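Coordinates as given in target37.cif (mmCIF, C-alpha atoms):
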```
data_final
loop_
_atom_site.label_atom_id
_atom_site.label_comp_id
_atom_site.auth_asym_id
_atom_site.auth_seq_id
_atom_site.Cartn_x
_atom_site.Cartn_y
_atom_site.Cartn_z
CA MET A 759 -19.23 26.62 -15.02
CA LEU A 760 -19.76 24.63 -18.21
CA GLY A 761 -22.45 24.96 -20.86
CA ALA A 762 -23.72 22.33 -23.26
CA ARG A 763 -26.82 21.59 -25.30
CA ASP A 764 -29.15 18.76 -24.25
CA GLY A 765 -31.76 18.42 -26.99
CA SER A 766 -33.24 21.85 -27.50
CA SER A 767 -32.47 23.23 -24.03
CA PHE A 768 -29.26 24.76 -22.72
CA VAL A 769 -27.87 22.95 -19.70
CA THR A 770 -25.85 24.79 -17.09
CA ILE A 771 -23.36 22.69 -15.16
CA THR A 772 -21.56 23.79 -12.03
CA LEU A 773 -18.58 21.82 -10.74
CA VAL A 774 -17.79 21.85 -7.01
CA PHE A 775 -14.41 20.28 -6.18
CA PHE A 776 -13.82 18.33 -2.98
CA ALA A 777 -10.81 16.37 -1.75
CA CYS A 778 -12.00 13.02 -3.07
CA ASP A 779 -14.96 13.66 -5.35
CA VAL A 780 -16.76 16.15 -7.53
CA LEU A 781 -20.36 17.19 -7.40
CA ALA A 782 -21.75 18.42 -10.68
CA THR A 783 -24.97 20.39 -10.77
CA THR A 784 -26.91 20.35 -14.00
CA ASN A 785 -30.19 22.30 -14.16
CA GLY A 786 -30.43 22.16 -10.40
CA VAL A 787 -29.73 18.41 -10.14
CA SER A 788 -26.62 17.53 -8.14
CA VAL A 789 -24.71 14.40 -9.19
CA ASN A 790 -21.66 12.67 -7.77
CA LEU A 791 -19.17 11.79 -10.49
CA THR A 792 -17.72 8.97 -8.37
CA SER A 793 -21.06 7.29 -7.66
CA PRO A 794 -21.21 3.52 -8.27
CA GLU A 795 -23.39 4.01 -11.34
CA VAL A 796 -20.34 5.33 -13.22
CA PHE A 797 -17.26 4.49 -11.14
CA ASN A 798 -15.87 1.39 -9.43
CA VAL A 799 -12.35 1.44 -8.05
CA HIS A 800 -11.63 -2.23 -8.84
CA PHE A 801 -12.75 -1.97 -12.44
CA TYR A 802 -11.10 1.40 -13.00
CA ILE A 803 -7.66 0.38 -11.76
CA ASN A 804 -7.59 -3.22 -12.90
CA THR A 805 -8.94 -2.88 -16.45
CA ASN A 806 -7.29 0.36 -17.60
CA VAL A 807 -3.60 -0.05 -18.40
CA GLU A 808 -3.21 3.75 -18.40
CA VAL A 809 -4.29 3.84 -14.76
CA LEU A 810 -2.04 0.94 -13.76
CA GLU A 811 0.93 2.56 -15.48
CA ALA A 812 0.21 5.79 -13.60
CA GLY A 813 0.82 3.91 -10.34
CA VAL A 814 -2.74 4.30 -9.08
CA ARG A 815 -3.38 1.72 -6.38
CA ASP A 816 -5.86 3.10 -3.83
CA VAL A 817 -9.38 4.51 -3.72
CA THR A 818 -8.46 8.17 -3.28
CA SER A 819 -5.89 8.30 -6.06
CA ALA A 820 -8.21 6.32 -8.36
CA GLN A 821 -11.00 8.83 -7.79
CA GLN A 822 -8.67 11.74 -8.44
CA HIS A 823 -7.32 10.16 -11.62
CA TRP A 824 -10.87 9.54 -12.83
CA LEU A 825 -12.03 13.06 -12.05
CA HIS A 826 -9.06 14.92 -13.51
CA HIS A 827 -7.99 12.58 -16.33
CA GLY A 828 -10.10 9.49 -16.90
CA ILE A 829 -13.44 11.15 -17.53
CA ASP A 830 -12.10 13.41 -20.26
CA MET A 831 -10.03 10.57 -21.76
CA GLY A 832 -13.19 8.50 -22.19
CA LEU A 833 -11.92 5.68 -19.97
CA GLN A 834 -14.42 3.12 -18.75
CA ALA A 835 -14.70 3.19 -14.97
CA CYS A 836 -17.27 0.46 -14.30
CA GLY A 837 -18.62 -2.59 -16.03
CA ASP A 838 -22.12 -1.30 -16.78
CA PHE A 839 -21.35 2.25 -17.96
CA HIS A 840 -18.91 3.66 -20.51
CA SER A 841 -19.27 7.24 -21.66
CA ALA A 842 -18.05 6.43 -25.18
CA GLN A 843 -20.53 3.57 -25.52
CA TYR A 844 -23.31 5.72 -24.05
CA LEU A 845 -22.77 8.39 -26.68
CA ALA A 846 -22.47 5.80 -29.44
CA ARG A 847 -25.69 4.13 -28.37
CA TYR A 848 -27.85 7.28 -28.39
CA PRO A 849 -27.59 9.52 -31.49
CA ASP A 850 -29.55 12.29 -29.80
CA LEU A 851 -26.79 12.61 -27.19
CA THR A 852 -24.08 12.62 -29.82
CA GLN A 853 -25.94 15.34 -31.65
CA SER A 854 -26.29 17.38 -28.49
CA PHE A 855 -22.86 16.89 -26.92
CA GLY A 856 -20.61 15.69 -29.73
CA ALA A 857 -18.97 12.29 -30.03
CA HIS A 858 -16.15 12.98 -27.56
CA ASN A 859 -17.64 15.09 -24.76
CA TYR A 860 -17.28 12.28 -22.27
CA ARG A 861 -17.68 14.44 -19.18
CA GLN A 862 -21.03 15.69 -20.42
CA ALA A 863 -22.05 12.11 -21.15
CA VAL A 864 -21.29 11.07 -17.56
CA MET A 865 -23.26 14.00 -16.19
CA HIS A 866 -26.23 13.35 -18.45
CA TYR A 867 -26.36 9.69 -17.49
CA LEU A 868 -26.40 10.52 -13.78
CA SER A 869 -28.88 13.38 -14.01
CA ASN A 870 -31.19 12.14 -16.77
CA GLY A 871 -30.16 8.82 -18.30
CA LEU A 872 -30.84 6.64 -15.28
CA LYS A 873 -34.31 8.14 -14.79
CA GLU A 874 -35.03 7.68 -18.49
CA ARG A 875 -33.95 4.02 -18.21
CA ARG A 876 -31.17 4.53 -20.73
CA HIS A 877 -28.38 1.97 -20.78
CA GLY A 878 -24.76 2.97 -20.29
CA TYR A 879 -23.18 0.40 -22.60
CA LEU A 880 -23.50 -1.27 -25.99
CA GLU A 881 -24.37 -4.97 -26.18
CA GLY A 882 -21.92 -6.93 -28.25
CA GLY A 883 -18.39 -5.81 -29.00
CA TYR A 884 -16.98 -2.34 -28.53
CA TRP A 885 -13.41 -1.15 -27.88
CA GLY A 886 -12.18 -4.70 -27.27
CA ARG A 887 -14.99 -5.57 -24.84
CA TRP A 888 -18.00 -7.83 -25.34
CA THR A 889 -21.04 -7.24 -23.13
CA VAL A 890 -24.20 -9.20 -22.38
CA ALA A 891 -26.90 -8.13 -19.96
CA ASP A 892 -29.96 -9.38 -18.12
CA LYS A 893 -31.62 -5.99 -17.80
CA GLU A 894 -34.56 -7.30 -15.79
CA HIS A 895 -32.22 -8.46 -13.02
CA ARG A 896 -29.65 -5.63 -13.35
CA LEU A 897 -26.88 -8.10 -14.27
CA VAL A 898 -24.17 -7.08 -16.75
CA VAL A 899 -21.30 -9.38 -17.74
CA SER A 900 -18.41 -8.57 -20.05
CA ALA A 901 -15.27 -10.19 -21.44
CA SER A 902 -12.29 -8.38 -22.93
CA ARG A 903 -9.80 -8.93 -25.70
CA ARG A 904 -7.09 -7.88 -23.23
CA MET A 905 -7.92 -10.90 -21.05
CA GLY A 906 -8.18 -13.40 -23.89
CA GLY A 907 -11.97 -13.37 -23.91
CA ALA A 908 -12.22 -14.30 -20.22
CA ILE A 909 -14.91 -12.60 -18.13
CA ASP A 910 -13.25 -9.73 -16.29
CA SER A 911 -16.37 -7.89 -15.15
CA LEU A 912 -19.62 -9.04 -13.56
CA VAL A 913 -21.83 -6.25 -12.26
CA TRP A 914 -25.02 -6.69 -10.30
CA ASN A 915 -26.95 -3.69 -9.05
CA HIS A 916 -23.95 -1.46 -9.92
CA LYS A 917 -21.56 -3.59 -7.82
CA GLU A 918 -18.44 -5.12 -9.43
CA PHE A 919 -17.87 -8.71 -8.32
CA ILE A 920 -14.73 -9.67 -10.28
CA ASN A 921 -11.08 -8.97 -9.48
CA ALA A 922 -9.08 -8.49 -12.69
CA TRP A 923 -5.73 -7.42 -11.22
CA ASP A 924 -3.70 -9.55 -13.66
CA HIS A 925 -4.20 -12.25 -16.28
CA GLY A 926 -4.51 -14.98 -13.65
CA ARG A 927 -7.68 -13.67 -12.01
CA GLU A 928 -11.07 -13.07 -13.67
CA LEU A 929 -13.89 -15.59 -14.06
CA GLN A 930 -12.16 -18.10 -16.27
CA MET A 931 -11.21 -21.66 -17.20
CA ALA A 932 -7.89 -23.30 -16.35
CA MET A 933 -6.38 -26.78 -16.49
CA ASN A 934 -3.30 -28.49 -15.04
CA PHE A 935 -1.83 -31.95 -14.95
CA LEU A 936 -0.79 -33.09 -11.48
CA PRO A 937 1.87 -33.35 -10.17
CA ASN A 938 3.08 -30.69 -12.63
CA GLY A 939 0.82 -27.96 -11.23
CA GLU A 940 1.36 -24.50 -12.69
CA CYS A 941 4.38 -25.66 -14.69
CA TYR A 942 1.97 -27.06 -17.30
CA ASN A 943 -1.12 -24.95 -16.81
CA PRO A 944 -3.21 -23.66 -19.78
CA THR A 945 -5.07 -20.58 -18.55
CA GLU A 946 -7.87 -18.84 -20.44
CA ALA A 947 -7.10 -15.21 -19.60
CA GLY A 948 -3.35 -15.34 -20.22
CA GLY A 949 0.03 -16.14 -18.74
CA ARG A 950 1.88 -15.02 -15.64
CA TYR A 951 4.25 -13.09 -17.91
CA ASP A 952 1.29 -11.12 -19.35
CA PHE A 953 0.76 -9.70 -15.83
CA GLN A 954 -0.92 -6.29 -16.35
CA LYS A 955 -0.18 -5.80 -20.03
CA ASN A 956 -2.79 -4.70 -22.54
CA SER A 957 -2.62 -8.04 -24.36
CA SER A 958 -2.65 -11.77 -23.73
CA HIS A 959 -0.77 -14.76 -25.12
CA THR A 960 -4.17 -16.44 -25.33
CA HIS A 961 -5.29 -16.51 -28.97
CA ILE A 962 -8.96 -15.69 -29.47
CA GLN A 963 -10.42 -17.79 -32.28
CA SER A 964 -14.02 -16.60 -32.09
CA VAL A 965 -16.40 -14.52 -30.00
CA HIS A 966 -20.15 -14.41 -30.52
CA VAL A 967 -22.66 -12.31 -28.60
CA ALA A 968 -26.42 -12.67 -28.95
CA GLY A 969 -29.09 -11.68 -26.45
CA HIS A 970 -28.18 -13.02 -23.01
CA ARG A 971 -25.44 -15.27 -24.38
CA LEU A 972 -21.68 -14.95 -24.84
CA THR A 973 -19.73 -17.70 -26.61
CA THR A 974 -15.94 -17.82 -27.01
CA LYS A 975 -13.34 -20.19 -28.37
CA VAL A 976 -9.66 -19.61 -27.58
CA LEU A 977 -6.26 -21.24 -27.56
CA PRO A 978 -5.25 -20.53 -23.95
CA ALA A 979 -1.87 -19.28 -22.84
CA PHE A 980 0.34 -21.40 -20.62
CA TRP A 981 0.69 -19.78 -17.22
CA THR A 982 4.49 -20.01 -17.28
CA GLU A 983 6.97 -18.93 -19.92
CA PRO A 984 8.11 -21.85 -22.10
CA ASP A 985 11.15 -23.93 -21.31
CA PRO A 986 12.37 -25.62 -24.51
CA GLN A 987 14.54 -28.07 -22.56
CA HIS A 988 11.86 -29.46 -20.20
CA THR A 989 14.33 -29.22 -17.30
CA HIS A 990 11.71 -28.67 -14.58
CA ARG A 991 11.21 -31.20 -11.80
CA PRO A 992 7.46 -31.70 -11.21
CA GLY A 993 5.89 -29.97 -8.23
CA LEU A 994 2.56 -28.41 -7.31
CA GLY A 995 3.70 -24.88 -8.09
CA CYS A 996 6.09 -23.40 -10.57
CA SER A 997 7.97 -20.84 -8.54
CA GLU A 998 11.06 -18.82 -9.31
CA GLY A 999 14.02 -21.12 -9.95
CA GLN A 1000 11.81 -23.80 -11.47
CA THR A 1001 11.19 -23.99 -15.19
CA ALA A 1002 8.09 -24.72 -17.18
CA LEU A 1003 7.21 -27.96 -18.91
CA ASN A 1004 5.53 -26.21 -21.84
CA THR A 1005 7.68 -25.47 -24.87
CA ALA A 1006 5.38 -22.77 -26.31
CA PHE A 1007 3.56 -19.72 -25.00
CA THR A 1008 0.16 -20.99 -26.11
CA TYR A 1009 -1.60 -24.34 -25.69
CA PRO A 1010 -2.49 -25.60 -29.18
CA PHE A 1011 -5.98 -26.93 -28.39
CA PRO A 1012 -9.14 -24.94 -27.64
CA PHE A 1013 -11.00 -23.95 -24.53
CA SER A 1014 -14.59 -23.04 -25.34
CA LYS A 1015 -17.35 -21.57 -23.21
CA THR A 1016 -20.93 -20.43 -23.47
CA VAL A 1017 -22.14 -18.07 -20.77
CA THR A 1018 -25.89 -17.49 -20.58
CA LEU A 1019 -27.52 -14.99 -18.23
CA ALA A 1020 -30.50 -17.20 -17.62
CA CYS A 1021 -31.13 -20.36 -15.63
CA PRO A 1022 -33.87 -23.02 -15.60
CA ALA A 1023 -37.50 -22.14 -15.12
CA GLY A 1024 -38.30 -21.39 -11.51
CA VAL A 1025 -35.13 -19.40 -10.80
CA THR A 1026 -36.32 -15.84 -10.26
CA HIS A 1027 -33.04 -14.24 -9.20
CA PRO A 1028 -29.95 -13.28 -11.26
CA CYS A 1029 -28.23 -16.45 -12.41
CA LEU A 1030 -25.41 -17.29 -14.79
CA HIS A 1031 -25.01 -20.60 -16.65
CA PHE A 1032 -21.36 -21.35 -17.47
CA GLN A 1033 -20.81 -24.18 -19.97
CA SER A 1034 -17.14 -25.04 -20.45
CA SER A 1035 -15.36 -27.32 -22.89
CA PHE A 1036 -11.72 -28.42 -22.54
CA THR A 1037 -9.72 -30.13 -25.28
CA ILE A 1038 -6.93 -32.37 -24.00
CA GLY A 1039 -4.23 -33.31 -26.48
CA GLY A 1040 -0.64 -32.90 -27.60
CA ASP A 1041 2.60 -34.05 -26.01
CA ILE A 1042 1.56 -33.67 -22.39
CA PRO A 1043 4.25 -34.32 -19.76
CA PRO A 1044 3.73 -37.38 -17.53
CA TYR A 1045 0.89 -36.86 -15.06
CA THR A 1046 -1.49 -38.79 -12.84
CA ILE A 1047 -4.52 -36.50 -12.50
CA LEU A 1048 -6.03 -33.96 -14.89
CA GLN A 1049 -7.46 -31.09 -12.86
CA MET A 1050 -9.83 -28.54 -14.36
CA GLU A 1051 -11.19 -25.33 -12.90
CA ALA A 1052 -14.53 -25.31 -14.65
CA PRO A 1053 -14.54 -22.42 -13.92
CA THR A 1054 -12.82 -20.39 -11.21
CA GLY A 1055 -13.90 -16.96 -10.02
CA TYR A 1056 -11.72 -14.34 -8.36
CA LEU A 1057 -13.91 -11.92 -6.43
CA THR A 1058 -13.06 -8.54 -4.98
CA ALA A 1059 -11.51 -8.27 -1.53
CA ASP A 1060 -14.78 -7.43 0.25
CA PHE A 1061 -16.28 -10.90 -0.35
CA THR A 1062 -14.92 -12.06 2.97
CA HIS A 1063 -17.68 -14.37 4.19
CA ILE A 1064 -17.19 -17.90 2.84
CA GLN A 1065 -19.86 -20.52 3.54
CA SER A 1066 -21.49 -23.56 1.98
CA PHE A 1067 -25.11 -24.21 1.09
CA ASP A 1068 -26.68 -27.35 2.51
CA PRO A 1069 -29.78 -28.27 0.49
CA GLN A 1070 -30.99 -30.73 3.15
CA GLN A 1071 -31.08 -27.98 5.77
CA GLY A 1072 -32.02 -25.28 3.30
CA HIS A 1073 -29.55 -22.72 4.61
CA LEU A 1074 -25.88 -21.77 4.77
CA VAL A 1075 -23.46 -23.77 6.91
CA THR A 1076 -19.75 -23.69 7.70
CA TYR A 1077 -17.72 -24.01 4.52
CA GLN A 1078 -17.26 -27.60 3.29
CA ARG A 1079 -15.52 -28.51 0.05
CA ALA A 1080 -18.20 -30.97 -1.01
CA LYS A 1081 -21.06 -28.46 -0.88
CA PRO A 1082 -21.80 -25.46 -3.12
CA VAL A 1083 -19.78 -22.46 -1.99
CA VAL A 1084 -21.27 -19.02 -1.27
CA MET A 1085 -19.10 -15.91 -0.94
CA SER A 1086 -20.63 -12.70 0.35
CA THR A 1087 -19.82 -9.23 1.60
CA PRO A 1088 -20.37 -8.30 5.26
CA GLY A 1089 -24.08 -7.98 5.93
CA GLY A 1090 -24.94 -10.14 2.93
CA ARG A 1091 -25.78 -7.29 0.57
CA TYR A 1092 -23.83 -8.91 -2.28
CA ALA A 1093 -23.23 -12.63 -2.74
CA MET A 1094 -22.36 -15.28 -5.29
CA GLY A 1095 -23.13 -18.98 -4.93
CA VAL A 1096 -21.83 -21.70 -7.25
CA TYR A 1097 -23.39 -25.07 -8.06
CA ALA A 1098 -22.39 -27.91 -10.42
CA PRO A 1099 -25.26 -30.38 -11.03
CA PRO A 1100 -24.57 -34.11 -10.64
CA GLY A 1101 -23.91 -36.54 -13.45
CA GLN A 1102 -20.86 -34.82 -14.95
CA ASP A 1103 -17.63 -36.40 -16.20
CA HIS A 1104 -15.15 -36.59 -13.33
CA ASP A 1105 -13.41 -39.54 -11.68
CA ARG A 1106 -12.88 -38.04 -8.27
CA PRO A 1107 -15.39 -36.19 -6.08
CA LEU A 1108 -16.26 -32.69 -7.21
CA GLN A 1109 -14.82 -30.06 -4.92
CA TYR A 1110 -15.67 -26.40 -4.36
CA MET A 1111 -12.31 -24.95 -3.40
CA THR A 1112 -11.64 -21.49 -1.95
CA TRP A 1113 -8.60 -19.33 -1.32
CA THR A 1114 -8.08 -15.91 0.22
CA PHE A 1115 -5.17 -13.74 -0.88
CA HIS A 1116 -4.30 -10.76 1.34
CA MET A 1117 -2.22 -8.43 -0.81
CA PRO A 1118 -0.76 -4.95 -0.26
CA THR A 1119 -3.52 -3.10 -2.13
CA VAL A 1120 -7.31 -3.33 -2.11
CA THR A 1121 -7.50 -3.98 -5.84
CA ASP A 1122 -4.91 -6.78 -5.64
CA SER A 1123 -6.43 -8.63 -2.67
CA THR A 1124 -8.95 -11.26 -3.70
CA ASN A 1125 -11.14 -14.15 -2.60
CA LYS A 1126 -11.32 -17.09 -4.98
CA TRP A 1127 -13.70 -19.98 -5.51
CA SER A 1128 -13.08 -22.83 -7.91
CA VAL A 1129 -15.24 -25.69 -9.20
CA VAL A 1130 -12.64 -28.45 -9.45
CA MET A 1131 -13.23 -31.42 -11.74
CA ARG A 1132 -10.63 -34.22 -11.73
CA LYS A 1133 -9.99 -37.02 -14.21
CA ASN A 1134 -7.49 -39.86 -13.69
CA SER A 1135 -4.92 -40.17 -16.45
CA SER A 1136 -5.78 -43.87 -16.70
CA SER A 1137 -9.34 -43.02 -17.82
CA PHE A 1138 -7.96 -41.84 -21.17
CA LEU A 1139 -6.13 -45.12 -21.88
CA SER A 1140 -7.47 -47.80 -24.20
CA THR A 1141 -7.81 -51.27 -22.72
CA ASP A 1142 -4.78 -52.58 -24.61
CA SER A 1143 -2.56 -49.62 -23.74
CA GLU A 1144 0.82 -50.36 -22.20
CA LEU A 1145 1.41 -46.85 -20.91
CA PRO A 1146 2.18 -46.64 -17.17
CA PRO A 1147 -0.21 -45.00 -14.68
CA ILE A 1148 1.84 -41.79 -14.82
CA MET A 1149 1.29 -41.24 -18.47
CA SER A 1150 2.42 -38.97 -21.25
CA GLN A 1151 -0.49 -38.16 -23.52
CA PRO A 1152 0.24 -39.26 -27.12
CA ALA A 1153 0.03 -36.34 -29.53
CA ALA A 1154 -2.50 -38.10 -31.76
CA HIS A 1155 -5.03 -38.57 -28.95
CA ARG A 1156 -7.55 -35.83 -28.23
CA HIS A 1157 -10.32 -35.74 -25.69
CA VAL A 1158 -13.02 -33.14 -25.08
CA LEU A 1159 -14.54 -32.73 -21.64
CA ALA A 1160 -17.57 -30.49 -21.05
CA TYR A 1161 -19.07 -29.18 -17.82
CA ASP A 1162 -22.04 -27.15 -16.58
CA VAL A 1163 -21.93 -24.78 -13.62
CA TYR A 1164 -24.46 -22.27 -12.31
CA ALA A 1165 -23.63 -19.07 -10.45
CA CYS A 1166 -26.40 -17.45 -8.41
CA ILE A 1167 -25.97 -13.71 -7.82
CA GLY A 1168 -27.67 -11.15 -5.59
CA THR A 1169 -28.06 -10.75 -1.86
CA VAL A 1170 -27.31 -13.71 0.40
CA ASP A 1171 -31.05 -14.43 0.65
CA ASP A 1172 -31.38 -14.26 -3.14
CA VAL A 1173 -28.50 -16.70 -3.59
CA VAL A 1174 -29.86 -19.17 -1.02
CA GLU A 1175 -33.26 -19.15 -2.73
CA CYS A 1176 -31.65 -19.56 -6.16
CA LEU A 1177 -29.50 -22.50 -5.04
CA MET A 1178 -32.44 -24.12 -3.30
CA THR A 1179 -34.46 -23.92 -6.51
CA LEU A 1180 -31.63 -25.42 -8.57
CA MET A 1181 -30.98 -28.22 -6.09
CA THR A 1182 -34.54 -29.17 -5.21
CA PRO A 1183 -35.31 -32.73 -6.39
CA GLY A 1184 -36.52 -32.36 -9.97
CA GLY A 1185 -35.19 -28.80 -10.12
CA ASP A 1186 -32.08 -29.78 -12.02
CA GLU A 1187 -33.79 -32.06 -14.51
CA GLY A 1188 -32.56 -31.30 -17.98
CA LEU A 1189 -29.63 -29.21 -16.77
CA ILE A 1190 -27.09 -31.68 -18.15
CA GLY A 1191 -27.11 -33.07 -21.63
#
```

How does this structure look as structure tokens?
Amino acid sequence: MLGARDGSSFVTITLVFFACDVLATTNGVSVNLTSPEVFNVHFYINTNVEVLEAGVRDVTSAQQHWLHHGIDMGLQACGDFHSAQYLARYPDLTQSFGAHNYRQAVMHYLSNGLKERRHGYLEGGYWGRWTVADKEHRLVVSASRRMGGAIDSLVWNHKEFINAWDHGRELQMAMNFLPNGECYNPTEAGGRYDFQKNSSHTHIQSVHVAGHRLTTKVLPAFWTEPDPQHTHRPGLGCSEGQTALNTAFTYPFPFSKTVTLACPAGVTHPCLHFQSSFTIGGDIPPYTILQMEAPTGYLTADFTHIQSFDPQQGHLVTYQRAKPVVMSTPGGRYAMGVYAPPGQDHDRPLQYMTWTFHMPTVTDSTNKWSVVMRKNSSSFLSTDSELPPIMSQPAAHRHVLAYDVYACIGTVDDVVECLMTLMTPGGDEGLIG
């Protein structure tokens, strides 16, 4: 039995231990310390290096680590609640519990804070994490310093959507130059060699948070470790035994993004506007096609249903690369749909690509969508250029390409309605430009 002061009243807390969870009773109110309001297994394992280093890889061990270690350490266990931020946000709680009584903070949030409509996080930056929220639609999005400013958490209705197992996942921007594939592949969140470290070879130049909007500018890491000799033979991947074409860890030109948790008038469901900007320059190895993921999103393993939205029919159809992709959980309780309006700068047809990765653990397995924009290398040449079709980009030449993508979030029905609104004739007027 624990005692603590909540305002002017003394709160009595009883802990009842079970195999996989803990029920805490405070003033007769029973709360579950592993409820989704404060704990998500994907977020807890994938964003806390301490948990990864402890070898935690499954739901049961993650819950036990949280209950017996993580709570009292002040670790963050879900994207829309952090005990340390909760205490920092509300001085009355700090006065009552102290600045480091994280267990009491969790209990208060579950028993009182939610009913009082208190928020479990701080907007803006805190402990290497930047958070923006659309409180009306229960949407919370955050990016971390650890992942180079890439979005590694998107929570709707207390459900985590993003898989952040390593620095190649997240909701992020990436670029490669075919046929070089991953052997020359600037990646916003970090490199393959960053894996699950607490840092990234991506260099953050600026982060700004205001209202519903997050803006970042970074020099992205190359996915592969540098090869100073350029001995690699081009290929779509860059597997073991092959060597990279980059001679540095970090691409010297910026990726920029503005993420706004609001969409055009008429959209009444949670919606995210992702504006990306890629700078192309430097001594790029010979290539034929510039391919940009603008952006890509790695979702958790339970987003197993992959379909496309057909605006002519007004409903979901079998997945087709040319139509906006929708990923959802069984039963359609949680879904994300992605749409790129027409009129953007690409030479080849826009494609909505998907991949499914079945991995040994639930927090490693993932389902990915990608909005793929492609530019021919020849489109960057001047009319009097003598460079061949497979070109090497001159160091003095720089180009900036910008794209707009919308992500609809909610139930499957919410997402269908959101996409229909965005894609209705006249509905996307003013979205580009």

Residues returned when the PyMOL selection byres ((chain A and resi 1068) around 12) runs on this file, as an NGL selection string: :A and (1065-1067 or 1069-1084 or 1095 or 1097 or 1174-1175 or 1177-1178 or 1181-1182)

Target residues per the PyMOL selection byres ((chain A and resi 858) around 10), formatted as number ranges by chain: A: 830-832, 841-842, 845-846, 852, 855-857, 859-863

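Here atom CA of Gly871 of chain A and atom CA of Arg896 of chain A stand 15.3 Å from one another.
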
Selection: 8 Å around segment 1010-1017 of chain A, only C-alpha atoms, excl. self and same-chain fewer than 4 positions, as a PyMOL selection string: chain A and resi 931+946+971-978+1030-1040

What's the 8 Å shell around Ser900 of chain A, counting all atoms listed in the file, without same-chain residues fewer than 6 positions away, as a PDB file with C-alpha atoms, in the frame of the given file?
```pdb
ATOM      1  CA  GLY A 837     -18.620  -2.590 -16.030  1.00  0.00           C
ATOM      2  CA  ARG A 887     -14.990  -5.570 -24.840  1.00  0.00           C
ATOM      3  CA  TRP A 888     -18.000  -7.830 -25.340  1.00  0.00           C
ATOM      4  CA  THR A 889     -21.040  -7.240 -23.130  1.00  0.00           C
ATOM      5  CA  VAL A 890     -24.200  -9.200 -22.380  1.00  0.00           C
ATOM      6  CA  ILE A 909     -14.910 -12.600 -18.130  1.00  0.00           C
ATOM      7  CA  ASP A 910     -13.250  -9.730 -16.290  1.00  0.00           C
ATOM      8  CA  SER A 911     -16.370  -7.890 -15.150  1.00  0.00           C
ATOM      9  CA  LEU A 912     -19.620  -9.040 -13.560  1.00  0.00           C
TER      10      LEU A 912
END
```

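For the structure shown here, the set of residues caught by the PyMOL selection byres ((chain A and resi 1125) around 9) is A:Asn921, A:Gly1055, A:Tyr1056, A:Leu1057, A:Thr1058, A:Ala1059, A:Asp1060, A:Phe1061, A:Thr1062, A:Ile1064, A:Met1085, A:Thr1112, A:Trp1113, A:Thr1114, A:Phe1115, A:His1116, A:Ser1123, A:Thr1124, A:Lys1126, A:Trp1127.
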
Pick from A:Leu897, A:Val1158, A:Leu929, A:Gln1049, whichever lies nearest to Leu1019 of chain A using only C-alpha atoms: A:Leu897

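Distance-wise, atom CA of Ile1042 of chain A and atom CA of Asp1162 of chain A end up 25.2 Å apart.
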
For segment 873-880 of chain A: contacts at 12 Å, all atoms listed in the file, fewer than 6 positions along chain excluded, given as a PyMOL selection string: chain A and resi 795-797+834-848+851+863-867+886-894+896+898-900+916+967+969
